[in-house]
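Source file: target.pdb. Holds: PDB, C-alpha atoms.
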```pdb
ATOM      1  CA  MET A 995     129.364 104.259 112.355
ATOM      2  CA  THR A 996     127.016 105.133 115.189
ATOM      3  CA  VAL A 997     123.555 106.549 114.471
ATOM      4  CA  ARG A 998     124.818 110.046 115.313
ATOM      5  CA  GLN A 999     127.832 109.687 113.029
ATOM      6  CA  LEU A1000     125.651 108.427 110.192
ATOM      7  CA  GLN A1001     123.256 111.338 110.684
ATOM      8  CA  ASP A1002     126.203 113.774 110.555
ATOM      9  CA  GLU A1003     127.430 112.219 107.290
ATOM     10  CA  ILE A1004     123.934 112.504 105.820
ATOM     11  CA  SER A1005     123.756 116.173 106.791
ATOM     12  CA  LYS A1006     127.109 116.834 105.088
ATOM     13  CA  LEU A1007     126.103 115.007 101.904
ATOM     14  CA  LYS A1008     122.735 116.737 101.846
ATOM     15  CA  THR A1009     124.417 120.151 102.035
ATOM     16  CA  GLN A1010     126.978 119.240  99.364
ATOM     17  CA  SER A1011     124.379 117.928  96.920
ATOM     18  CA  GLY A1012     121.663 120.471  97.675
ATOM     19  CA  ALA A1013     119.158 117.672  98.201
ATOM     20  CA  CYS A1014     115.916 117.884 100.165
ATOM     21  CA  ILE A1015     114.931 114.948 102.408
ATOM     22  CA  LEU A1016     111.252 114.252 103.010
ATOM     23  CA  ALA A1017     110.228 111.873 105.790
ATOM     24  CA  HIS A1018     106.748 110.502 106.311
ATOM     25  CA  SER A1019     105.514 110.592 109.884
ATOM     26  CA  TYR A1020     105.840 106.802 110.069
ATOM     27  CA  MET A1021     109.607 106.929 109.615
ATOM     28  CA  SER A1022     111.959 106.205 112.523
ATOM     29  CA  GLN A1023     113.017 109.048 114.785
ATOM     30  CA  ALA A1024     116.573 108.743 113.440
ATOM     31  CA  ILE A1025     115.367 109.490 109.905
ATOM     32  CA  CYS A1026     112.997 112.265 110.988
ATOM     33  CA  GLU A1027     115.909 114.041 112.680
ATOM     34  CA  VAL A1028     117.823 114.410 109.383
ATOM     35  CA  ALA A1029     114.792 115.290 107.260
ATOM     36  CA  ASP A1030     114.035 118.781 105.994
ATOM     37  CA  PHE A1031     110.299 118.134 106.262
ATOM     38  CA  VAL A1032     108.278 115.564 108.223
ATOM     39  CA  GLY A1033     104.561 115.029 107.690
ATOM     40  CA  ASP A1034     101.840 113.104 105.899
ATOM     41  CA  SER A1035     102.102 112.172 102.224
ATOM     42  CA  TYR A1036     100.282 115.145 100.723
ATOM     43  CA  ALA A1037     101.904 117.744 102.989
ATOM     44  CA  LEU A1038     105.313 116.417 101.954
ATOM     45  CA  SER A1039     104.412 116.766  98.281
ATOM     46  CA  VAL A1040     103.446 120.393  98.791
ATOM     47  CA  LYS A1041     106.683 121.043 100.678
ATOM     48  CA  ALA A1042     108.694 119.446  97.870
ATOM     49  CA  LYS A1043     106.995 121.672  95.324
ATOM     50  CA  SER A1044     107.979 124.826  97.205
ATOM     51  CA  ALA A1045     111.492 123.677  98.136
ATOM     52  CA  SER A1046     114.371 125.177  96.162
ATOM     53  CA  ALA A1047     116.213 121.840  95.912
ATOM     54  CA  ASP A1048     116.316 120.118  92.525
ATOM     55  CA  LYS A1049     116.863 116.688  94.118
ATOM     56  CA  VAL A1050     114.290 115.199  96.480
ATOM     57  CA  ILE A1051     114.662 112.021  98.511
ATOM     58  CA  MET A1052     111.414 110.492  99.756
ATOM     59  CA  CYS A1053     111.661 108.458 102.940
ATOM     60  CA  GLY A1054     108.306 106.778 102.618
ATOM     61  CA  VAL A1055     106.596 104.443 100.158
ATOM     62  CA  ARG A1056     106.336 104.463  96.383
ATOM     63  CA  PHE A1057     103.020 106.246  95.856
ATOM     64  CA  MET A1058     104.316 109.156  97.951
ATOM     65  CA  ALA A1059     107.354 109.581  95.724
ATOM     66  CA  GLU A1060     105.071 109.371  92.677
ATOM     67  CA  VAL A1061     102.909 112.230  93.974
ATOM     68  CA  VAL A1062     106.012 114.352  94.552
ATOM     69  CA  LYS A1063     107.062 113.715  90.941
ATOM     70  CA  MET A1064     103.575 114.558  89.651
ATOM     71  CA  LEU A1065     103.571 117.930  91.402
ATOM     72  CA  SER A1066     107.256 118.688  90.754
ATOM     73  CA  PRO A1067     108.066 117.149  87.337
ATOM     74  CA  GLN A1068     111.178 119.295  86.938
ATOM     75  CA  LYS A1069     112.783 117.818  90.065
ATOM     76  CA  ARG A1070     114.715 114.565  90.347
ATOM     77  CA  VAL A1071     112.774 112.475  92.859
ATOM     78  CA  TYR A1072     114.219 109.389  94.556
ATOM     79  CA  LEU A1073     112.581 106.695  96.670
ATOM     80  CA  ALA A1074     115.108 105.924  99.419
ATOM     81  CA  ASN A1075     114.239 102.214  99.479
ATOM     82  CA  PRO A1076     112.839 100.816  96.183
ATOM     83  CA  THR A1077     111.150  97.901  97.985
ATOM     84  CA  ALA A1078     108.963 100.190 100.122
ATOM     85  CA  GLY A1079     105.500  99.892  98.620
ATOM     86  CA  CYS A1080     101.981 100.333  99.979
ATOM     87  CA  PRO A1081      99.836  97.166  99.952
ATOM     88  CA  MET A1082      96.640  99.223  99.937
ATOM     89  CA  ALA A1083      97.789 101.329  96.984
ATOM     90  CA  GLU A1084      98.493  98.160  95.034
ATOM     91  CA  GLN A1085      95.258  96.303  95.847
ATOM     92  CA  MET A1086      93.303  97.673  92.874
ATOM     93  CA  ASP A1087      94.309  98.424  89.312
ATOM     94  CA  ARG A1088      92.959 100.604  86.536
ATOM     95  CA  GLU A1089      91.254  97.745  84.686
ATOM     96  CA  LEU A1090      89.276  96.678  87.764
ATOM     97  CA  ILE A1091      88.038 100.189  88.540
ATOM     98  CA  GLU A1092      87.097 100.824  84.920
ATOM     99  CA  GLN A1093      84.909  97.700  85.110
ATOM    100  CA  VAL A1094      83.304  98.933  88.342
ATOM    101  CA  LYS A1095      82.748 102.380  86.800
ATOM    102  CA  ALA A1096      80.908 100.749  83.917
ATOM    103  CA  ARG A1097      78.525  99.136  86.432
ATOM    104  CA  TYR A1098      77.960 102.428  88.263
ATOM    105  CA  PRO A1099      77.731 105.095  85.554
ATOM    106  CA  GLY A1100      77.541 108.644  86.838
ATOM    107  CA  TYR A1101      79.366 107.890  90.076
ATOM    108  CA  ALA A1102      82.267 110.187  90.934
ATOM    109  CA  VAL A1103      85.417 108.146  91.520
ATOM    110  CA  VAL A1104      86.999 109.438  94.720
ATOM    111  CA  ALA A1105      90.464 107.965  95.198
ATOM    112  CA  TYR A1106      92.410 108.026  98.420
ATOM    113  CA  ILE A1107      95.828 109.529  97.723
ATOM    114  CA  ASN A1108      97.207 106.128  98.810
ATOM    115  CA  THR A1109      96.870 104.810  95.243
ATOM    116  CA  THR A1110      99.265 104.237  92.343
ATOM    117  CA  ALA A1111      99.761 106.825  89.615
ATOM    118  CA  GLU A1112      98.062 104.464  87.161
ATOM    119  CA  LEU A1113      94.949 104.147  89.332
ATOM    120  CA  LYS A1114      94.723 107.905  89.821
ATOM    121  CA  THR A1115      94.190 108.271  86.070
ATOM    122  CA  VAL A1116      90.630 106.900  86.402
ATOM    123  CA  ALA A1117      89.731 109.045  89.415
ATOM    124  CA  ASP A1118      87.743 112.268  89.389
ATOM    125  CA  VAL A1119      89.287 113.582  92.584
ATOM    126  CA  CYS A1120      91.792 112.446  95.191
ATOM    127  CA  VAL A1121      91.423 112.860  98.953
ATOM    128  CA  THR A1122      93.568 112.555 102.038
ATOM    129  CA  SER A1123      92.362 111.182 105.345
ATOM    130  CA  SER A1124      92.077 114.754 106.642
ATOM    131  CA  SER A1125      90.240 116.176 103.605
ATOM    132  CA  ALA A1126      88.018 113.251 102.539
ATOM    133  CA  VAL A1127      84.876 114.390 104.372
ATOM    134  CA  LYS A1128      85.186 117.996 103.188
ATOM    135  CA  ILE A1129      85.802 117.016  99.565
ATOM    136  CA  CYS A1130      83.040 114.411  99.380
ATOM    137  CA  ARG A1131      80.630 117.070 100.638
ATOM    138  CA  ALA A1132      81.928 119.622  98.136
ATOM    139  CA  ILE A1133      81.854 117.626  94.894
ATOM    140  CA  PRO A1134      78.667 118.113  92.842
ATOM    141  CA  GLN A1135      77.944 114.415  92.300
ATOM    142  CA  LYS A1136      75.526 112.741  94.705
ATOM    143  CA  ASP A1137      76.843 109.241  93.961
ATOM    144  CA  VAL A1138      80.390 108.360  95.017
ATOM    145  CA  LEU A1139      82.592 105.364  94.237
ATOM    146  CA  PHE A1140      85.216 105.543  97.007
ATOM    147  CA  ILE A1141      88.477 103.624  96.492
ATOM    148  CA  PRO A1142      90.352 101.724  97.761
ATOM    149  CA  ASP A1143      89.925 101.890 101.562
ATOM    150  CA  ILE A1144      86.591 100.559 102.824
ATOM    151  CA  ASN A1145      87.340 101.726 106.379
ATOM    152  CA  LEU A1146      88.094 105.341 105.482
ATOM    153  CA  GLY A1147      85.169 105.147 103.059
ATOM    154  CA  THR A1148      82.840 103.964 105.829
ATOM    155  CA  PHE A1149      83.982 106.796 108.085
ATOM    156  CA  VAL A1150      83.335 109.351 105.328
ATOM    157  CA  LYS A1151      79.980 107.765 104.451
ATOM    158  CA  ASN A1152      78.828 108.140 108.053
ATOM    159  CA  GLN A1153      79.856 111.794 108.062
ATOM    160  CA  VAL A1154      78.219 112.554 104.704
ATOM    161  CA  PRO A1155      74.823 110.790 104.854
ATOM    162  CA  GLU A1156      73.350 113.003 102.150
ATOM    163  CA  LYS A1157      75.314 111.142  99.476
ATOM    164  CA  ASN A1158      75.291 107.572  98.144
ATOM    165  CA  PHE A1159      78.544 105.633  98.536
ATOM    166  CA  LYS A1160      79.748 102.511  96.799
ATOM    167  CA  LEU A1161      82.646 100.980  98.727
ATOM    168  CA  LEU A1162      85.026  98.220  97.693
ATOM    169  CA  SER A1163      86.846  95.773  99.962
ATOM    170  CA  GLY A1164      90.277  97.364 100.089
ATOM    171  CA  GLY A1165      92.198  98.814 102.979
ATOM    172  CA  CYS A1166      95.382  99.172 104.959
ATOM    173  CA  PRO A1167      96.468  95.766 106.322
ATOM    174  CA  THR A1168      98.365  97.445 109.161
ATOM    175  CA  HIS A1169      95.386  99.407 110.498
ATOM    176  CA  ALA A1170      93.010  96.522 109.796
ATOM    177  CA  ARG A1171      95.171  94.292 111.994
ATOM    178  CA  VAL A1172      93.586  95.576 115.218
ATOM    179  CA  GLY A1173      90.015  95.231 116.405
ATOM    180  CA  GLU A1174      87.678  96.112 119.238
ATOM    181  CA  LYS A1175      89.338  93.570 121.538
ATOM    182  CA  GLU A1176      92.593  95.545 121.489
ATOM    183  CA  VAL A1177      90.737  98.812 122.134
ATOM    184  CA  LEU A1178      88.925  97.476 125.193
ATOM    185  CA  ALA A1179      92.157  96.014 126.558
ATOM    186  CA  ALA A1180      94.038  99.292 126.054
ATOM    187  CA  LYS A1181      91.270 101.343 127.669
ATOM    188  CA  LYS A1182      91.191  98.988 130.641
ATOM    189  CA  ALA A1183      94.957  99.257 131.054
ATOM    190  CA  HIS A1184      94.918 103.057 130.688
ATOM    191  CA  PRO A1185      91.506 104.294 131.879
ATOM    192  CA  ASP A1186      92.534 107.969 131.999
ATOM    193  CA  ALA A1187      93.924 108.053 128.449
ATOM    194  CA  LEU A1188      92.137 109.583 125.472
ATOM    195  CA  PHE A1189      91.912 107.332 122.419
ATOM    196  CA  LEU A1190      93.113 108.910 119.154
ATOM    197  CA  VAL A1191      92.546 106.839 116.034
ATOM    198  CA  HIS A1192      93.183 106.893 112.294
ATOM    199  CA  PRO A1193      90.085 106.383 110.080
ATOM    200  CA  GLU A1194      91.859 103.545 108.238
ATOM    201  CA  CYS A1195      91.028 101.415 111.298
ATOM    202  CA  VAL A1196      87.927  99.214 111.228
ATOM    203  CA  PRO A1197      84.608 100.769 112.370
ATOM    204  CA  ASP A1198      84.568  98.728 115.619
ATOM    205  CA  VAL A1199      87.802 100.496 116.573
ATOM    206  CA  VAL A1200      86.833 103.959 115.334
ATOM    207  CA  LYS A1201      83.555 104.014 117.280
ATOM    208  CA  HIS A1202      85.471 104.094 120.578
ATOM    209  CA  ALA A1203      87.643 107.076 119.610
ATOM    210  CA  ASP A1204      87.802 110.396 121.391
ATOM    211  CA  TYR A1205      89.316 111.817 118.209
ATOM    212  CA  VAL A1206      89.483 110.481 114.632
ATOM    213  CA  GLY A1207      91.949 111.979 112.195
ATOM    214  CA  SER A1208      95.008 111.765 109.992
ATOM    215  CA  THR A1209      98.500 111.249 111.380
ATOM    216  CA  SER A1210      99.005 115.022 111.322
ATOM    217  CA  GLY A1211      95.641 115.537 113.003
ATOM    218  CA  ILE A1212      96.407 112.998 115.721
ATOM    219  CA  THR A1213      99.784 114.607 116.351
ATOM    220  CA  GLU A1214      98.346 118.117 116.579
ATOM    221  CA  TYR A1215      95.479 116.987 118.814
ATOM    222  CA  ALA A1216      97.838 115.268 121.251
ATOM    223  CA  LYS A1217     100.168 118.259 121.374
ATOM    224  CA  THR A1218      97.447 120.818 122.083
ATOM    225  CA  SER A1219      95.140 118.759 124.304
ATOM    226  CA  PRO A1220      95.266 119.443 128.056
ATOM    227  CA  ALA A1221      95.028 115.680 128.617
ATOM    228  CA  ALA A1222      98.144 113.917 129.891
ATOM    229  CA  GLU A1223      97.670 110.385 128.522
ATOM    230  CA  PHE A1224      96.782 109.035 125.095
ATOM    231  CA  ILE A1225      96.259 105.692 123.378
ATOM    232  CA  ILE A1226      97.432 106.039 119.780
ATOM    233  CA  GLY A1227      95.476 104.087 117.178
ATOM    234  CA  THR A1228      97.800 104.324 114.207
ATOM    235  CA  GLU A1229     101.277 103.150 113.188
ATOM    236  CA  ASN A1230     103.490 102.908 116.252
ATOM    237  CA  SER A1231     106.052 105.389 114.934
ATOM    238  CA  ILE A1232     103.553 108.134 115.805
ATOM    239  CA  THR A1233     103.510 106.948 119.401
ATOM    240  CA  GLU A1234     107.303 107.131 119.467
ATOM    241  CA  ARG A1235     107.470 110.581 117.847
ATOM    242  CA  LEU A1236     104.871 112.027 120.194
ATOM    243  CA  GLN A1237     106.793 110.761 123.198
ATOM    244  CA  PHE A1238     109.894 112.569 121.922
ATOM    245  CA  GLU A1239     107.986 115.783 121.250
ATOM    246  CA  CYS A1240     105.791 115.787 124.351
ATOM    247  CA  ALA A1241     107.980 114.382 127.123
ATOM    248  CA  ASP A1242     105.553 115.634 129.784
ATOM    249  CA  LYS A1243     102.750 113.401 128.461
ATOM    250  CA  LYS A1244     102.319 109.641 128.190
ATOM    251  CA  PHE A1245     101.539 107.769 124.971
ATOM    252  CA  TYR A1246     100.518 104.142 124.628
ATOM    253  CA  PRO A1247     100.322 102.130 121.378
ATOM    254  CA  LEU A1248      96.946 100.549 120.718
ATOM    255  CA  SER A1249      98.771  97.361 119.771
ATOM    256  CA  LYS A1250     102.339  96.170 119.333
ATOM    257  CA  ASP A1251     101.201  94.854 115.945
ATOM    258  CA  LEU A1252     100.447  98.315 114.504
ATOM    259  CA  VAL A1253     103.648  98.298 112.488
ATOM    260  CA  CYS A1254     103.948  99.020 108.761
ATOM    261  CA  HIS A1255     106.722  96.761 107.507
ATOM    262  CA  ASN A1256     107.013  98.717 104.269
ATOM    263  CA  MET A1257     107.699 101.936 106.147
ATOM    264  CA  LYS A1258     110.118 100.125 108.432
ATOM    265  CA  ALA A1259     112.013  98.878 105.364
ATOM    266  CA  VAL A1260     113.429 102.400 104.971
ATOM    267  CA  THR A1261     116.568 102.807 107.049
ATOM    268  CA  LEU A1262     119.042 105.577 107.805
ATOM    269  CA  THR A1263     121.586 103.669 105.718
ATOM    270  CA  ASP A1264     119.198 103.796 102.749
ATOM    271  CA  VAL A1265     119.151 107.587 102.994
ATOM    272  CA  TYR A1266     122.954 107.677 103.217
ATOM    273  CA  ASN A1267     123.424 105.412 100.191
ATOM    274  CA  CYS A1268     120.849 107.331  98.170
ATOM    275  CA  LEU A1269     122.705 110.588  98.815
ATOM    276  CA  LYS A1270     125.957 108.927  97.747
ATOM    277  CA  GLY A1271     124.361 107.753  94.504
ATOM    278  CA  GLU A1272     124.724 104.117  95.539
ATOM    279  CA  GLY A1273     121.116 103.339  96.402
ATOM    280  CA  GLY A1274     117.515 104.386  96.065
ATOM    281  CA  GLU A1275     115.511 104.583  92.844
ATOM    282  CA  GLU A1276     114.772 107.622  90.739
ATOM    283  CA  ILE A1277     111.065 107.961  90.036
ATOM    284  CA  THR A1278     110.240 108.448  86.374
ATOM    285  CA  MET A1279     106.941 108.477  84.489
ATOM    286  CA  SER A1280     105.785 109.491  81.059
ATOM    287  CA  GLU A1281     104.359 112.980  80.702
ATOM    288  CA  GLU A1282     101.121 111.415  79.473
ATOM    289  CA  LEU A1283     100.769 109.394  82.695
ATOM    290  CA  ARG A1284     101.783 112.320  84.882
ATOM    291  CA  LEU A1285      99.259 114.694  83.335
ATOM    292  CA  ALA A1286      96.437 112.156  83.672
ATOM    293  CA  ALA A1287      97.339 111.216  87.243
ATOM    294  CA  VAL A1288      97.820 114.766  88.487
ATOM    295  CA  LYS A1289      94.314 115.881  87.430
ATOM    296  CA  PRO A1290      92.479 114.368  90.443
ATOM    297  CA  ILE A1291      95.160 115.825  92.733
ATOM    298  CA  GLU A1292      94.557 119.267  91.241
ATOM    299  CA  LYS A1293      90.823 118.726  91.844
ATOM    300  CA  MET A1294      91.620 117.791  95.435
ATOM    301  CA  ILE A1295      93.427 121.104  95.870
ATOM    302  CA  GLU A1296      90.496 122.928  94.268
ATOM    303  CA  TYR A1297      87.916 121.385  96.588
ATOM    304  CA  GLY A1298      89.916 120.866  99.738
ATOM    305  CA  GLY A1299      92.779 123.326  99.758
TER     306      GLY A1299
END
```
Please re-express this file's structure in structure tokens.
Amino acid sequence: MTVRQLQDEISKLKTQSGACILAHSYMSQAICEVADFVGDSYALSVKAKSASADKVIMCGVRFMAEVVKMLSPQKRVYLANPTAGCPMAEQMDRELIEQVKARYPGYAVVAYINTTAELKTVADVCVTSSSAVKICRAIPQKDVLFIPDINLGTFVKNQVPEKNFKLLSGGCPTHARVGEKEVLAAKKAHPDALFLVHPECVPDVVKHADYVGSTSGITEYAKTSPAAEFIIGTENSITERLQFECADKKFYPLSKDLVCHNMKAVTLTDVYNCLKGEGGEEITMSEELRLAAVKPIEKMIEYGG
């Protein structure tokens, strides 16, 4: 089948089964075109909660499907490709953070949503890249243990100097792959372009940015800005999507190496097979784990909306 034919088959199967397809912004354009909702991990979870469908297919990585299940326990949630994980989410485990907590009593554990369900159980509140600054300002504790991303944590720490931060050496290997050298080269090649960057990048990259924000924030900024050219400092799928959506503007990837291989593991065929019942993995968790892991997400909603 061609891509178009496969997309048509997916649309038919989706209608027949009453399923809802969620696609993270880092998915390929072909997958985004058949999705019911496209966005960042938390936005997709909220959409899944409000969707009428009883079956949800997550085109993203495992922790995203877990969050959907936490917020919509009555729904059947499937991860389109079972091998799609998040290296950052898996860098730290519950035992390690419990040991760190014991060394820093009284610190609020602020966990990036890019963490496993098990790790969320030891967190006080979760954050997204777009809400981290707001939530860290809002929580009553002055001392913050921020996990797992040291780069996002550093960005938040600089924005919230009134609080004390303990950061650990975790992070996104994709965003950490680029440094200041790539930024200077991109700016030299495209001197009229604004530089939009994700806070998971290292500080030497972030300091050159004209705008720092989540994937949704970068997308919205590029769409509404009067500027005509942009260097995109996040996963290269965003560069591709923006070029589709804003054909009158020019978008340049910060680096050809800004590719998440876990996201790229999810293919249109995976979605097709999952809908047919011949692929994917249903996400299950005990009610005890779900209730413990959803608490910091509920706190995130309380503090950050």
**Which residue of A:Gly1273, A:Pro1247, A:Pro1081, A:Gly1033 approaches Val1177 of chain A most closely, using all atoms listed in the file** = A:Pro1247
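Put simply, the PyMOL selection byres ((chain A and resi 1117) around 8) on this file hits Ala1102, Val1103, Val1104, Ala1105, Leu1113, Lys1114, Thr1115, Val1116, Asp1118, Val1119, Cys1120 and Pro1290 of chain A.
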**Message:** When the PyMOL selection byres ((chain A and resi 1286) around 9) is applied to the structure above, which residues does it catch, written out as a ChimeraX atom specification?
**Reply:** /A:1111-1112,1114-1116,1281-1285,1287-1290
**Request:** Kindly indicate which residue among A:Asp1198, A:Phe1245, A:Ser1210, A:Arg1171 lies nearest to Ile1226 of chain A, using all atoms listed in the file for the distances.
**Result:**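 Distance minimum relative to Ile1226 of chain A lands on A:Phe1245.
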**Message:** Counting all atoms listed in the file, which residue out of A:Gly1165, A:Val1032, A:Ala1013, A:Val1154 sits closest to Ala1083 of chain A?
**Reply:**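 For Ala1083 of chain A, the nearest of the given residues is A:Gly1165.
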Using the chain letters and numbering of this document, enumerate as an mmCIF file with C-alpha atoms, keeping the file's coordinate frame the residues selected by the PyMOL selection byres ((chain A and resi 1079) around 12).
```cif
data_model
loop_
_atom_site.group_PDB
_atom_site.id
_atom_site.type_symbol
_atom_site.label_atom_id
_atom_site.label_comp_id
_atom_site.auth_asym_id
_atom_site.auth_seq_id
_atom_site.Cartn_x
_atom_site.Cartn_y
_atom_site.Cartn_z
ATOM 1 C CA CYS A 1053 111.661 108.458 102.940
ATOM 2 C CA GLY A 1054 108.306 106.778 102.618
ATOM 3 C CA VAL A 1055 106.596 104.443 100.158
ATOM 4 C CA ARG A 1056 106.336 104.463 96.383
ATOM 5 C CA PHE A 1057 103.020 106.246 95.856
ATOM 6 C CA MET A 1058 104.316 109.156 97.951
ATOM 7 C CA ALA A 1059 107.354 109.581 95.724
ATOM 8 C CA GLU A 1060 105.071 109.371 92.677
ATOM 9 C CA LEU A 1073 112.581 106.695 96.670
ATOM 10 C CA ALA A 1074 115.108 105.924 99.419
ATOM 11 C CA ASN A 1075 114.239 102.214 99.479
ATOM 12 C CA PRO A 1076 112.839 100.816 96.183
ATOM 13 C CA THR A 1077 111.150 97.901 97.985
ATOM 14 C CA ALA A 1078 108.963 100.190 100.122
ATOM 15 C CA CYS A 1080 101.981 100.333 99.979
ATOM 16 C CA PRO A 1081 99.836 97.166 99.952
ATOM 17 C CA MET A 1082 96.640 99.223 99.937
ATOM 18 C CA ALA A 1083 97.789 101.329 96.984
ATOM 19 C CA GLU A 1084 98.493 98.160 95.034
ATOM 20 C CA GLN A 1085 95.258 96.303 95.847
ATOM 21 C CA ASN A 1108 97.207 106.128 98.810
ATOM 22 C CA THR A 1109 96.870 104.810 95.243
ATOM 23 C CA THR A 1110 99.265 104.237 92.343
ATOM 24 C CA CYS A 1166 95.382 99.172 104.959
ATOM 25 C CA CYS A 1254 103.948 99.020 108.761
ATOM 26 C CA HIS A 1255 106.722 96.761 107.507
ATOM 27 C CA ASN A 1256 107.013 98.717 104.269
ATOM 28 C CA MET A 1257 107.699 101.936 106.147
ATOM 29 C CA LYS A 1258 110.118 100.125 108.432
ATOM 30 C CA ALA A 1259 112.013 98.878 105.364
ATOM 31 C CA VAL A 1260 113.429 102.400 104.971
#
```
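Using only C-alpha atoms, the smallest distance between any of A:Arg1235, A:Lys1181, A:Lys1270, A:Lys1063 and Ser1019 of chain A comes from A:Arg1235.
Across the structure, atom CA of Glu1092 of chain A and atom CA of Asn1158 of chain A are spaced 19.0 Å apart.
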**Request:** For Tyr1072 of chain A, work out the shell of residues within 7 Å, counting all atoms listed in the file and skipping chain neighbours fewer than 2 positions away, then give it as a count of residues only.
**Result:** 10
**Request:** Determine, counting all atoms listed in the file, which protein, DNA and RNA residues have an atom within 9 Å of an atom of Ile1225 of chain A; residues of the same chain fewer than 3 positions away are not included. Present the result as a list in words.
**Result:**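 The filter keeps Val1177, Ala1180, Lys1181, His1184, Ala1187, Leu1188, Phe1189, Leu1190, Val1191, Thr1233, Lys1244, Phe1245, Tyr1246, Pro1247 and Leu1248 of chain A.
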Selection above as a file: C-alpha atoms, as a PDB file, in the frame of the given file:
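Now in result-v2.pdb:
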```pdb
ATOM      1  CA  VAL A1177      90.737  98.812 122.134  1.00  0.00           C
ATOM      2  CA  ALA A1180      94.038  99.292 126.054  1.00  0.00           C
ATOM      3  CA  LYS A1181      91.270 101.343 127.669  1.00  0.00           C
ATOM      4  CA  HIS A1184      94.918 103.057 130.688  1.00  0.00           C
ATOM      5  CA  ALA A1187      93.924 108.053 128.449  1.00  0.00           C
ATOM      6  CA  LEU A1188      92.137 109.583 125.472  1.00  0.00           C
ATOM      7  CA  PHE A1189      91.912 107.332 122.419  1.00  0.00           C
ATOM      8  CA  LEU A1190      93.113 108.910 119.154  1.00  0.00           C
ATOM      9  CA  VAL A1191      92.546 106.839 116.034  1.00  0.00           C
ATOM     10  CA  THR A1233     103.510 106.948 119.401  1.00  0.00           C
ATOM     11  CA  LYS A1244     102.319 109.641 128.190  1.00  0.00           C
ATOM     12  CA  PHE A1245     101.539 107.769 124.971  1.00  0.00           C
ATOM     13  CA  TYR A1246     100.518 104.142 124.628  1.00  0.00           C
ATOM     14  CA  PRO A1247     100.322 102.130 121.378  1.00  0.00           C
ATOM     15  CA  LEU A1248      96.946 100.549 120.718  1.00  0.00           C
TER      16      LEU A1248
END
```
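Take atom CA of Pro1134 of chain A and atom CA of Gly1207 of chain A: the distance between them is 24.3 Å.
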**Message:** Restricting the calculation to only C-alpha atoms: of A:Ile1232, A:Met1086, A:Ala1222, A:Ala1132, which residue gets closest to Thr1209 of chain A?
**Reply:**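 Smallest distance to Thr1209 of chain A is found for A:Ile1232.
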